[in-house]
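Here's input36.cif, which has mmCIF, C-alpha atoms:
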```
data_start
#
loop_
_atom_site.label_atom_id
_atom_site.label_comp_id
_atom_site.auth_asym_id
_atom_site.auth_seq_id
_atom_site.Cartn_x
_atom_site.Cartn_y
_atom_site.Cartn_z
CA MET X 1146 122.05 65.73 29.12
CA THR X 1147 124.80 66.83 26.82
CA PRO X 1148 128.05 67.99 28.39
CA PRO X 1149 128.24 71.75 28.85
CA PRO X 1150 130.25 73.72 26.31
CA PRO X 1151 133.82 74.49 27.39
CA ALA X 1152 133.49 78.27 27.21
CA PRO X 1153 130.60 80.73 26.86
CA ALA X 1154 131.27 81.14 23.15
CA PRO X 1155 128.64 83.19 21.32
CA ALA X 1156 128.65 80.91 18.24
CA PRO X 1157 125.69 78.50 18.40
CA ALA X 1158 127.33 75.55 16.61
CA PRO X 1159 131.08 74.91 16.51
CA VAL X 1160 132.29 74.91 12.90
CA PRO X 1161 135.92 74.58 11.80
CA ALA X 1162 137.57 77.98 11.79
CA ALA X 1163 137.33 79.11 8.20
CA GLN X 1164 138.03 82.32 6.38
CA LEU X 1165 136.80 83.61 3.05
CA ALA X 1166 139.17 84.02 0.12
CA GLN X 1167 138.30 86.16 -2.87
CA LEU X 1168 139.87 86.61 -6.27
CA ASN X 1169 138.77 89.08 -8.88
CA VAL X 1170 140.29 89.75 -12.26
CA ALA X 1171 139.92 92.88 -14.38
CA ALA X 1172 141.10 93.41 -17.98
CA LEU X 1173 142.61 96.89 -18.38
CA LEU X 1174 141.41 98.91 -21.38
CA HIS X 1175 144.66 100.89 -21.32
CA PRO X 1176 148.00 100.29 -19.57
CA LEU X 1177 148.43 101.42 -15.96
CA ASP X 1178 150.67 104.33 -17.02
CA ASP X 1179 148.13 105.60 -19.58
CA PRO X 1180 146.51 108.93 -18.57
CA ARG X 1181 143.08 107.37 -19.09
CA THR X 1182 143.86 104.89 -16.30
CA ALA X 1183 145.34 107.52 -13.97
CA PRO X 1184 142.16 108.05 -11.89
CA PHE X 1185 142.19 104.33 -11.10
CA VAL X 1186 145.88 104.34 -10.20
CA ASP X 1187 145.29 107.34 -7.92
CA LEU X 1188 142.70 105.34 -5.99
CA LEU X 1189 144.94 102.29 -5.45
CA ASP X 1190 146.82 103.48 -2.37
CA PRO X 1191 143.88 105.03 -0.45
CA VAL X 1192 141.55 102.12 -1.25
CA ASN X 1193 144.18 99.53 -0.31
CA ALA X 1194 144.86 101.41 2.92
CA ALA X 1195 141.13 101.36 3.65
CA ALA X 1196 141.05 97.61 3.00
CA ASP X 1197 143.97 97.00 5.38
CA THR X 1198 142.06 98.61 8.25
CA ALA X 1199 138.56 97.40 7.28
CA PRO X 1200 136.70 95.24 9.84
CA GLY X 1201 137.24 91.56 9.03
CA PHE X 1202 140.23 92.10 6.72
CA VAL X 1203 142.81 89.32 7.07
CA TRP X 1204 145.29 89.48 4.20
CA ARG X 1205 145.81 90.61 0.63
CA LEU X 1206 148.32 89.61 -1.99
CA VAL X 1207 151.14 92.12 -2.51
CA GLU X 1208 153.95 91.75 -5.00
CA GLU X 1209 157.35 91.58 -3.33
CA GLY X 1210 158.78 95.10 -3.06
CA ALA X 1211 155.50 96.73 -4.20
CA ALA X 1212 152.47 98.23 -2.49
CA ASP X 1213 149.97 96.10 -4.40
CA ALA X 1214 149.65 93.20 -6.81
CA THR X 1215 148.94 95.17 -9.99
CA GLY X 1216 152.34 94.19 -11.43
CA LEU X 1217 151.49 90.49 -11.29
CA ARG X 1218 149.78 89.28 -14.45
CA PRO X 1219 149.09 85.54 -13.96
CA ALA X 1220 145.83 85.70 -15.93
CA GLY X 1221 147.06 87.58 -19.01
CA GLU X 1222 149.19 90.56 -19.98
CA HIS X 1223 146.42 93.13 -19.49
CA VAL X 1224 144.57 91.42 -16.66
CA ILE X 1225 145.22 92.63 -13.12
CA VAL X 1226 144.30 90.44 -10.17
CA ASN X 1227 143.15 91.09 -6.65
CA LEU X 1228 143.47 88.26 -4.12
CA SER X 1229 142.51 88.70 -0.47
CA VAL X 1230 141.25 86.91 2.65
CA TRP X 1231 138.41 88.03 4.96
CA GLN X 1232 136.81 86.80 8.17
CA ASP X 1233 133.45 86.25 6.52
CA GLN X 1234 131.30 87.25 3.59
CA ASP X 1235 129.68 90.22 5.33
CA SER X 1236 133.00 91.92 6.06
CA LEU X 1237 134.10 91.49 2.45
CA TRP X 1238 130.73 92.75 1.21
CA ASP X 1239 130.85 95.82 3.42
CA PHE X 1240 134.31 96.71 2.21
CA ALA X 1241 133.61 96.04 -1.46
CA TYR X 1242 130.26 97.80 -1.68
CA ARG X 1243 129.79 99.93 1.47
CA SER X 1244 133.09 101.83 1.62
CA GLY X 1245 135.15 104.14 -0.57
CA HIS X 1246 135.79 101.10 -2.77
CA LEU X 1247 132.28 101.45 -4.24
CA GLU X 1248 133.21 104.81 -5.78
CA ALA X 1249 136.01 103.04 -7.66
CA MET X 1250 133.64 100.23 -8.70
CA ARG X 1251 131.15 102.76 -10.05
CA GLN X 1252 133.73 103.96 -12.59
CA ARG X 1253 134.88 100.49 -13.64
CA ARG X 1254 133.62 100.83 -17.24
CA ALA X 1255 136.07 103.69 -17.84
CA TRP X 1256 139.06 101.49 -17.01
CA PHE X 1257 138.20 97.85 -17.56
CA ALA X 1258 136.76 95.73 -20.33
CA ARG X 1259 133.36 94.34 -19.53
CA HIS X 1260 133.31 90.78 -18.39
CA VAL X 1261 131.95 88.00 -20.49
CA GLU X 1262 132.82 85.30 -17.95
CA ALA X 1263 132.74 85.36 -14.14
CA HIS X 1264 135.36 87.78 -12.82
CA LEU X 1265 134.92 87.31 -9.06
CA VAL X 1266 135.15 84.06 -7.11
CA LEU X 1267 134.79 83.35 -3.40
CA TRP X 1268 135.81 80.20 -1.55
CA TRP X 1269 136.43 79.07 2.01
CA ILE X 1270 139.89 78.31 3.35
CA PRO X 1271 141.12 77.10 6.75
CA ALA X 1272 141.94 80.02 9.02
CA GLY X 1273 145.60 80.92 8.65
CA HIS X 1274 145.95 79.49 5.15
CA LEU X 1275 147.23 81.96 2.56
CA PRO X 1276 145.87 81.14 -0.87
CA THR X 1277 148.27 81.04 -3.81
CA LEU X 1278 147.56 82.59 -7.19
CA ASP X 1279 147.42 79.10 -8.74
CA GLU X 1280 144.87 77.99 -6.20
CA ALA X 1281 142.83 81.16 -6.77
CA LEU X 1282 142.85 80.80 -10.56
CA GLU X 1283 141.76 77.17 -10.18
CA ARG X 1284 138.75 78.30 -8.15
CA LEU X 1285 137.86 80.86 -10.80
CA ALA X 1286 138.16 78.19 -13.50
CA ASP X 1287 135.96 75.90 -11.40
CA LEU X 1288 133.30 78.62 -11.11
CA ARG X 1289 133.46 79.34 -14.84
CA ALA X 1290 133.25 75.68 -15.78
CA HIS X 1291 130.66 74.38 -13.30
CA GLY X 1292 128.82 77.42 -11.97
CA PRO X 1293 128.56 78.27 -8.27
CA SER X 1294 129.11 75.41 -5.81
CA PRO X 1295 130.50 75.09 -2.27
CA ARG X 1296 133.97 74.89 -3.91
CA ALA X 1297 133.72 78.22 -5.71
CA PHE X 1298 130.86 80.69 -5.49
CA THR X 1299 129.77 84.32 -5.77
CA PHE X 1300 127.98 86.88 -3.61
CA ALA X 1301 124.70 86.19 -5.36
CA SER X 1302 124.91 82.41 -4.86
CA SER X 1303 126.95 81.87 -1.75
CA HIS X 1304 127.69 78.86 0.42
CA THR X 1305 128.52 78.61 4.12
CA ALA X 1306 131.83 77.39 5.48
CA ALA X 1307 130.04 74.29 6.80
CA GLU X 1308 128.78 73.44 3.31
CA ALA X 1309 132.30 73.90 1.99
CA ALA X 1310 133.98 71.78 4.68
CA ASP X 1311 134.78 69.00 2.19
CA HIS X 1312 136.32 71.45 -0.25
CA LEU X 1313 138.75 73.34 1.98
CA PRO X 1314 142.33 73.26 0.81
CA THR X 1315 144.43 71.45 3.40
CA ALA X 1316 145.71 73.61 6.22
CA PRO X 1317 148.95 75.59 5.84
CA PRO X 1318 151.38 75.20 4.20
CA ALA X 1319 149.33 74.40 1.12
CA PRO X 1320 150.50 71.27 -0.69
CA PRO X 1321 149.63 70.75 -4.36
CA ARG X 1322 145.90 70.31 -4.67
CA PRO X 1323 144.51 67.01 -3.33
CA SER X 1324 142.59 65.13 -6.04
CA PRO X 1325 139.84 67.62 -6.74
CA ALA X 1326 138.06 66.25 -9.80
CA ALA X 1327 137.03 62.99 -8.11
CA HIS X 1328 134.23 64.82 -6.35
CA PRO X 1329 130.77 63.55 -7.26
CA ALA X 1330 128.86 66.42 -8.79
CA LYS X 1331 126.12 67.75 -6.56
CA ALA X 1332 122.85 69.27 -7.75
CA MET B 1053 102.81 86.73 8.73
CA GLU B 1054 101.38 87.85 5.39
CA ASP B 1055 102.53 91.22 4.14
CA ILE B 1056 98.94 92.45 4.10
CA ASP B 1057 98.52 91.63 7.81
CA ALA B 1058 101.84 93.27 8.71
CA ILE B 1059 100.93 96.43 6.84
CA ALA B 1060 97.44 96.41 8.36
CA ALA B 1061 99.05 96.45 11.81
CA LEU B 1062 100.14 100.02 11.06
CA GLN B 1063 96.57 101.25 10.71
CA ASP B 1064 96.34 101.95 14.44
CA PRO B 1065 97.57 105.56 14.81
CA VAL B 1066 99.49 105.00 18.06
CA ARG B 1067 101.17 101.91 16.66
CA ARG B 1068 102.08 103.81 13.52
CA ARG B 1069 103.63 106.70 15.51
CA LEU B 1070 105.69 104.21 17.49
CA TYR B 1071 106.84 102.41 14.34
CA GLU B 1072 107.80 105.65 12.61
CA TYR B 1073 109.69 106.85 15.66
CA VAL B 1074 111.70 103.64 16.06
CA ALA B 1075 112.43 103.49 12.31
CA ALA B 1076 113.63 107.09 12.25
CA GLN B 1077 116.17 106.60 15.05
CA GLY B 1078 118.27 104.01 13.23
CA ARG B 1079 119.29 102.44 16.57
CA GLU B 1080 117.78 100.43 19.42
CA VAL B 1081 115.00 102.25 21.22
CA GLY B 1082 113.71 101.46 24.73
CA ARG B 1083 110.06 101.39 25.80
CA ASN B 1084 110.23 104.55 27.91
CA GLU B 1085 111.78 106.57 25.13
CA ALA B 1086 109.27 105.32 22.54
CA ALA B 1087 106.33 105.98 24.90
CA GLU B 1088 107.50 109.53 25.50
CA ALA B 1089 108.02 110.21 21.79
CA ALA B 1090 104.56 108.90 20.91
CA GLY B 1091 102.95 110.69 23.86
CA VAL B 1092 101.38 107.58 25.38
CA ALA B 1093 101.73 105.65 28.63
CA ARG B 1094 104.57 103.16 28.94
CA THR B 1095 102.31 100.11 29.26
CA LEU B 1096 100.35 101.06 26.15
CA ALA B 1097 103.58 101.65 24.23
CA ALA B 1098 104.92 98.27 25.39
CA HIS B 1099 101.74 96.56 24.17
CA HIS B 1100 101.91 98.15 20.73
CA LEU B 1101 105.67 97.67 20.37
CA ASP B 1102 105.20 93.97 21.03
CA ARG B 1103 102.35 93.80 18.52
CA LEU B 1104 104.64 95.42 15.94
CA THR B 1105 107.30 92.84 16.77
CA GLU B 1106 104.77 90.00 16.34
CA ALA B 1107 103.85 91.47 12.97
CA GLY B 1108 107.52 91.34 11.97
CA LEU B 1109 107.78 95.10 11.51
CA LEU B 1110 110.11 95.56 14.49
CA GLU B 1111 112.72 93.33 16.05
CA SER B 1112 113.21 93.23 19.79
CA GLY B 1113 116.18 92.46 21.98
CA SER B 1114 117.30 93.23 25.48
CA ARG B 1115 120.02 95.58 26.61
CA ARG B 1116 121.13 97.13 29.85
CA LEU B 1117 120.40 100.73 28.94
CA THR B 1118 122.69 101.95 31.72
CA GLY B 1119 125.67 100.69 29.74
CA ARG B 1120 126.86 98.81 32.84
CA SER B 1121 127.15 95.06 33.21
CA GLY B 1122 127.61 92.52 35.97
CA PRO B 1123 125.78 92.30 39.31
CA GLY B 1124 124.01 95.51 40.28
CA ALA B 1125 123.77 96.76 36.73
CA GLY B 1126 120.02 96.29 36.76
CA ARG B 1127 117.61 94.18 34.74
CA PRO B 1128 118.09 94.29 30.97
CA ALA B 1129 115.44 96.41 29.26
CA LYS B 1130 113.56 95.51 26.13
CA VAL B 1131 114.69 97.45 23.06
CA TYR B 1132 113.33 97.67 19.52
CA THR B 1133 114.74 98.29 16.05
CA ARG B 1134 113.11 98.25 12.66
CA SER B 1135 113.08 94.83 11.02
CA ARG B 1136 115.19 94.47 7.89
CA THR B 1137 112.44 92.49 6.22
CA GLU B 1138 110.80 94.31 3.35
CA ARG B 1139 107.01 94.37 3.04
CA THR B 1140 105.27 95.11 -0.22
CA LEU B 1141 101.68 94.96 -1.21
CA SER B 1142 100.36 95.46 -4.70
CA LEU B 1143 96.75 95.16 -5.72
CA PRO B 1144 96.36 93.62 -8.19
CA ALA B 1145 99.55 91.55 -7.78
CA ARG B 1146 102.48 93.00 -9.71
CA ASP B 1147 106.11 91.95 -9.61
CA TYR B 1148 108.30 94.91 -10.40
CA ARG B 1149 111.25 93.50 -8.49
CA THR B 1150 111.74 90.59 -10.86
CA ALA B 1151 111.44 92.98 -13.78
CA ALA B 1152 114.03 95.30 -12.18
CA GLU B 1153 116.43 92.43 -11.53
CA LEU B 1154 116.16 91.09 -15.06
CA LEU B 1155 116.71 94.53 -16.53
CA ALA B 1156 119.66 95.20 -14.21
CA GLU B 1157 121.21 91.83 -15.07
CA THR B 1158 120.94 92.60 -18.76
CA VAL B 1159 122.34 96.11 -18.40
CA GLU B 1160 125.20 94.73 -16.30
CA ARG B 1161 126.03 92.06 -18.87
CA ALA B 1162 125.92 94.55 -21.71
CA GLY B 1163 128.10 97.01 -19.76
CA LEU B 1164 125.57 99.82 -20.19
CA ASP B 1165 126.32 101.63 -16.91
CA ALA B 1166 126.86 104.99 -18.61
CA ALA B 1167 123.55 104.84 -20.50
CA LEU B 1168 121.67 103.88 -17.32
CA CYS B 1169 123.26 106.74 -15.38
CA ALA B 1170 122.41 109.23 -18.13
CA ALA B 1171 118.77 108.10 -18.02
CA ALA B 1172 118.77 108.33 -14.21
CA ARG B 1173 120.17 111.85 -14.29
CA ARG B 1174 117.48 112.93 -16.78
CA ARG B 1175 114.79 111.39 -14.58
CA GLY B 1176 116.17 113.19 -11.52
CA GLU B 1177 116.07 116.49 -13.39
CA ALA B 1178 112.49 115.83 -14.48
CA LEU B 1179 111.50 115.10 -10.88
CA ARG B 1180 112.91 118.43 -9.69
CA ALA B 1181 109.85 120.67 -9.82
CA PRO B 1182 111.47 124.15 -9.80
CA ALA B 1183 114.12 124.74 -12.40
CA GLU B 1184 116.65 126.02 -9.89
CA PRO B 1185 119.05 123.63 -8.23
CA CYS B 1186 118.41 122.71 -4.60
CA ALA B 1187 119.30 125.73 -2.44
CA SER B 1188 120.08 124.26 0.99
CA LEU B 1189 120.58 121.08 2.96
CA GLU B 1190 117.14 121.63 4.56
CA GLU B 1191 115.54 121.69 1.13
CA ALA B 1192 117.50 118.57 0.19
CA VAL B 1193 116.07 116.81 3.26
CA GLU B 1194 112.54 117.61 2.06
CA LEU B 1195 113.20 116.43 -1.48
CA LEU B 1196 114.83 113.21 -0.30
CA ALA B 1197 112.15 112.48 2.31
CA ALA B 1198 109.49 112.74 -0.39
CA ARG B 1199 111.33 110.04 -2.34
CA GLY B 1200 111.61 107.65 0.61
CA TYR B 1201 115.30 108.06 1.46
CA GLU B 1202 114.66 108.78 5.18
CA PRO B 1203 117.21 111.61 5.31
CA HIS B 1204 118.62 113.22 8.44
CA LEU B 1205 121.08 116.03 9.02
CA GLU B 1206 124.32 114.96 10.57
CA ASP B 1207 127.15 117.00 12.04
CA THR B 1208 130.40 116.33 10.27
CA GLY B 1209 132.31 118.75 12.48
CA GLY B 1210 136.01 118.13 12.86
CA ALA B 1211 136.31 116.73 9.34
CA GLY B 1212 137.16 120.12 7.83
CA PRO B 1213 140.48 121.94 8.02
CA ALA B 1214 141.45 123.02 11.54
CA GLY B 1215 140.07 126.39 12.57
CA GLY B 1216 137.39 126.46 9.91
CA PRO B 1217 137.89 128.61 6.82
CA GLU B 1218 134.88 130.87 7.29
CA GLY B 1219 134.28 132.26 10.75
CA THR B 1220 130.56 132.78 10.12
CA SER B 1221 128.73 132.38 13.43
CA GLY B 1222 130.55 129.10 14.04
CA THR B 1223 128.13 126.77 12.22
CA ALA B 1224 129.39 123.21 12.28
CA ALA B 1225 129.81 121.41 8.96
CA ARG B 1226 126.73 119.34 8.25
CA ALA B 1227 125.72 116.74 5.71
CA VAL B 1228 122.57 114.82 4.84
CA ARG B 1229 122.79 111.04 5.29
CA MET B 1230 120.00 108.66 4.34
CA ARG B 1231 118.87 105.63 6.31
CA ASN B 1232 116.96 104.01 3.48
CA CYS B 1233 117.88 102.94 -0.03
CA PRO B 1234 114.71 102.86 -2.12
CA PHE B 1235 116.46 100.43 -4.50
CA HIS B 1236 117.86 98.18 -1.75
CA ALA B 1237 116.92 94.75 -3.12
CA VAL B 1238 118.32 95.41 -6.60
CA ALA B 1239 121.27 97.41 -5.24
CA GLU B 1240 122.32 94.40 -3.16
CA ARG B 1241 122.50 92.24 -6.28
CA PHE B 1242 124.16 94.76 -8.61
CA PRO B 1243 125.88 97.27 -6.30
CA PRO B 1244 128.12 99.32 -8.61
CA LEU B 1245 125.45 99.49 -11.31
CA VAL B 1246 122.46 100.37 -9.15
CA CYS B 1247 124.36 102.57 -6.67
CA GLY B 1248 125.82 104.47 -9.64
CA MET B 1249 122.29 104.86 -11.01
CA ASN B 1250 121.10 106.12 -7.62
CA LEU B 1251 123.88 108.71 -7.45
CA ALA B 1252 123.07 109.98 -10.95
CA LEU B 1253 119.36 110.19 -10.07
CA LEU B 1254 120.15 112.26 -6.97
CA GLU B 1255 122.58 114.47 -8.89
CA GLY B 1256 119.75 115.21 -11.31
CA LEU B 1257 117.23 115.73 -8.50
CA LEU B 1258 119.43 118.18 -6.58
CA GLY B 1259 120.75 119.94 -9.67
CA ALA B 1260 124.29 120.67 -10.76
CA ALA B 1261 126.29 123.73 -9.70
CA GLY B 1262 123.89 124.57 -6.85
CA ALA B 1263 124.38 125.08 -3.13
CA VAL B 1264 124.47 121.35 -2.37
CA ARG B 1265 125.98 118.37 -4.10
CA ALA B 1266 125.61 114.61 -3.90
CA ARG B 1267 128.65 112.41 -3.59
CA MET B 1268 129.12 108.68 -3.20
CA ASP B 1269 130.27 107.85 0.34
CA ALA B 1270 129.03 104.34 1.04
CA ARG B 1271 128.66 103.08 4.61
CA PRO B 1272 127.22 99.83 5.97
CA GLY B 1273 123.46 99.99 6.51
CA GLU B 1274 122.79 103.33 4.77
CA CYS B 1275 122.21 104.79 1.34
CA CYS B 1276 125.52 105.08 -0.55
CA VAL B 1277 125.17 108.83 -1.12
CA VAL B 1278 125.89 111.80 1.12
CA VAL B 1279 124.64 115.32 0.35
CA GLU B 1280 126.78 118.23 1.52
CA ASP B 1281 127.32 121.96 0.97
CA SER B 1282 129.12 122.55 -2.31
CA LYS B 1283 131.52 125.00 -0.63
CA ASN B 1284 132.63 122.60 2.07
CA ASN B 1285 135.12 119.81 1.57
CA ASP B 1286 136.30 120.92 -1.84
CA HIS B 1287 138.61 118.13 -2.75
#
```
Please lay out the structure from this file as structure tokens.
Amino acid sequence: MTPPPPAPAPAPAPVPAAQLAQLNVAALLHPLDDPRTAPFVDLLDPVNAAADTAPGFVWRLVEEGAADATGLRPAGEHVIVNLSVWQDQDSLWDFAYRSGHLEAMRQRRAWFARHVEAHLVLWWIPAGHLPTLDEALERLADLRAHGPSPRAFTFASSHTAAEAADHLPTAPPAPPRPSPAAHPAKA
Amino acid sequence: MEDIDAIAALQDPVRRRLYEYVAAQGREVGRNEAAEAAGVARTLAAHHLDRLTEAGLLESGSRRLTGRSGPGAGRPAKVYTRSRTERTLSLPARDYRTAAELLAETVERAGLDAALCAAARRRGEALRAPAEPCASLEEAVELLAARGYEPHLEDTGGAGPAGGPEGTSGTAARAVRMRNCPFHAVAERFPPLVCGMNLALLEGLLGAAGAVRARMDARPGECCVVVEDSKNNDH
């Protein structure tokens, strides 16, 4: 006989509390104040407001004193970034593709250059950890260099939090990254 | 269970009525309700509903239909919903899904969204038998049902401006929502591309500048498009 579980938790197996971080980058065809980009700019506030109240939303990066992160350009002068944290992959999926956000995605070719490399990366973080831009860009670089893995993956080739347990950044506050490259390559 | 066996399970007319009823509700359905809708006795309905569950066409669970819980709330009842699993059968064997995914991947990589949507709009127009644009939401329901979208009319009352602009016999604002996406498997892999294609196809099918219009309004678990009266919600 195994000891009874402490509480009637619905989860079948206890896994470390993890949340899903996502970064996507988009190269603007024209500057944000260009009339050709205006329809996108008009959607920023309503879509961000929808994200903030979406089921499973945890956090998104906002530039100090601004309503969003479009002023930050850590990946290049014309490249805007979007960094956020969600409870799980389904909640992020439903917001990205089953909400008003999809209407913005549909028109992406009018505003953004098409991607040659991966432009969206997902990875697991300990609950409560807020990912930094450096950490996020590292995950994107990892995905671009090595393809999807438990460290950095995509919707189409995803990994569970349990699979990623060895690759979680250490709990908050995030120290500089602990020796990542020493990991023996899997598969 | 093999797809061919699952599909064969629908050959029984009572079983098929029960399946179609449960699928059309888009929610959990109890045995009594399903029996009544299919016009058969409860025990017979229960038998067939369980056979459909064994075949993987329905999923079953248990709920207290009274909405109460705790002691005295009564025994949980068995409820059924349509399974999310997709069944296909092609004789001889054909694999259009792989072809669709490869084509979508290539179109996505090449950034050819606009060309795909233009082709989809032309196809929609070609599918529209009469030259005139769709004249009403009821007609839209027929057109969409014929293409497998599983449409249903939904009240959207309260969404419009307070008071209602036209005082015509007090009809509530309505819209057509669709429970099924005919392109689901490919849409899940390439959402903006394939959902954009779907919208363009429906715009072509319903016709421009008519009484109804299609608009993207994605929700979890449904087709990404809503069809509404052109006069309503002009924004």
Result set of the PyMOL selection byres ((chain X) within 12 of (chain B)) on the coordinates above, as a PyMOL selection string: chain X and resi 1199-1200+1235-1255+1257-1264+1299-1302
Residue IDs satisfying the PyMOL selection byres ((chain B and resi 1056-1068) around 10), as a ChimeraX atom specification: /B:1053-1055,1069-1074,1087,1090-1092,1096-1097,1099-1109,1139-1142
Written as a PDB file with C-alpha atoms, in the coordinates of the input, what is the full residue list that the PyMOL selection byres ((chain B and resi 1223-1238) around 9) yields on the file shown?
```
ATOM      1  CA  ALA B1076     113.630 107.090  12.250  1.00  0.00           C
ATOM      2  CA  GLY B1078     118.270 104.010  13.230  1.00  0.00           C
ATOM      3  CA  GLU B1138     110.800  94.310   3.350  1.00  0.00           C
ATOM      4  CA  ARG B1149     111.250  93.500  -8.490  1.00  0.00           C
ATOM      5  CA  ALA B1152     114.030  95.300 -12.180  1.00  0.00           C
ATOM      6  CA  GLU B1153     116.430  92.430 -11.530  1.00  0.00           C
ATOM      7  CA  ALA B1156     119.660  95.200 -14.210  1.00  0.00           C
ATOM      8  CA  LEU B1189     120.580 121.080   2.960  1.00  0.00           C
ATOM      9  CA  GLU B1190     117.140 121.630   4.560  1.00  0.00           C
ATOM     10  CA  ALA B1192     117.500 118.570   0.190  1.00  0.00           C
ATOM     11  CA  VAL B1193     116.070 116.810   3.260  1.00  0.00           C
ATOM     12  CA  LEU B1196     114.830 113.210  -0.300  1.00  0.00           C
ATOM     13  CA  ALA B1197     112.150 112.480   2.310  1.00  0.00           C
ATOM     14  CA  ARG B1199     111.330 110.040  -2.340  1.00  0.00           C
ATOM     15  CA  GLY B1200     111.610 107.650   0.610  1.00  0.00           C
ATOM     16  CA  TYR B1201     115.300 108.060   1.460  1.00  0.00           C
ATOM     17  CA  GLU B1202     114.660 108.780   5.180  1.00  0.00           C
ATOM     18  CA  PRO B1203     117.210 111.610   5.310  1.00  0.00           C
ATOM     19  CA  HIS B1204     118.620 113.220   8.440  1.00  0.00           C
ATOM     20  CA  LEU B1205     121.080 116.030   9.020  1.00  0.00           C
ATOM     21  CA  GLU B1206     124.320 114.960  10.570  1.00  0.00           C
ATOM     22  CA  ASP B1207     127.150 117.000  12.040  1.00  0.00           C
ATOM     23  CA  THR B1208     130.400 116.330  10.270  1.00  0.00           C
ATOM     24  CA  GLY B1209     132.310 118.750  12.480  1.00  0.00           C
ATOM     25  CA  GLY B1210     136.010 118.130  12.860  1.00  0.00           C
ATOM     26  CA  ALA B1211     136.310 116.730   9.340  1.00  0.00           C
ATOM     27  CA  GLY B1212     137.160 120.120   7.830  1.00  0.00           C
ATOM     28  CA  GLY B1216     137.390 126.460   9.910  1.00  0.00           C
ATOM     29  CA  GLY B1219     134.280 132.260  10.750  1.00  0.00           C
ATOM     30  CA  THR B1220     130.560 132.780  10.120  1.00  0.00           C
ATOM     31  CA  SER B1221     128.730 132.380  13.430  1.00  0.00           C
ATOM     32  CA  GLY B1222     130.550 129.100  14.040  1.00  0.00           C
ATOM     33  CA  ALA B1239     121.270  97.410  -5.240  1.00  0.00           C
ATOM     34  CA  GLU B1240     122.320  94.400  -3.160  1.00  0.00           C
ATOM     35  CA  ARG B1241     122.500  92.240  -6.280  1.00  0.00           C
ATOM     36  CA  PHE B1242     124.160  94.760  -8.610  1.00  0.00           C
ATOM     37  CA  PRO B1243     125.880  97.270  -6.300  1.00  0.00           C
ATOM     38  CA  VAL B1246     122.460 100.370  -9.150  1.00  0.00           C
ATOM     39  CA  CYS B1247     124.360 102.570  -6.670  1.00  0.00           C
ATOM     40  CA  ASN B1250     121.100 106.120  -7.620  1.00  0.00           C
ATOM     41  CA  GLY B1273     123.460  99.990   6.510  1.00  0.00           C
ATOM     42  CA  GLU B1274     122.790 103.330   4.770  1.00  0.00           C
ATOM     43  CA  CYS B1275     122.210 104.790   1.340  1.00  0.00           C
ATOM     44  CA  CYS B1276     125.520 105.080  -0.550  1.00  0.00           C
ATOM     45  CA  VAL B1277     125.170 108.830  -1.120  1.00  0.00           C
ATOM     46  CA  VAL B1278     125.890 111.800   1.120  1.00  0.00           C
ATOM     47  CA  VAL B1279     124.640 115.320   0.350  1.00  0.00           C
ATOM     48  CA  GLU B1280     126.780 118.230   1.520  1.00  0.00           C
ATOM     49  CA  ASP B1281     127.320 121.960   0.970  1.00  0.00           C
ATOM     50  CA  ASN B1284     132.630 122.600   2.070  1.00  0.00           C
TER      51      ASN B1284
END
```
Neighbours of X:Ala1281 within 8 Å (all atoms listed in the file; same-chain residues fewer than 6 positions away dropped), as a VMD selection string? chain X and resid 1167 to 1168 1228
Point-to-point distance in Å for atom CA of X:Trp1268 and atom CA of X:Ala1286: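 Result for atom CA of X:Ala1286 versus atom CA of X:Trp1268: 12.3 Å, one decimal.
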Quick one: pull the distance between atom CA of X:Trp1269 and atom CA of X:Ser1229, Å, one decimal.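 Straight-line distance from atom CA of X:Trp1269 to atom CA of X:Ser1229 works out to 11.7 Å.
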Between X:Trp1256, X:Glu1222, X:Thr1198, X:Ala1214, which is the closest to X:Phe1185 once you count only C-alpha atoms? X:Trp1256
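Atom CA of B:Leu1195 lies 8.5 Å from atom CA of B:Arg1180.
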Please identify all polymer residues within 10 Å of B:Ala1170, counting all atoms listed in the file, omitting same-chain residues fewer than 3 positions from it, and present them as a PyMOL selection string. chain B and resi 1165-1167+1173-1176+1249+1252-1253+1256
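Considering only C-alpha atoms, the residue among X:Asp1179, X:Asp1197, X:Glu1280, X:Asp1213 positioned nearest to X:Ala1297 is X:Glu1280.
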Ranking X:Ala1183, X:Leu1265, X:Leu1189, X:Ala1163 by minimum distance to X:His1312 and counting all atoms listed in the file, which one comes first?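 Looking only at the distances to X:His1312, the closest residue turns out to be X:Ala1163.
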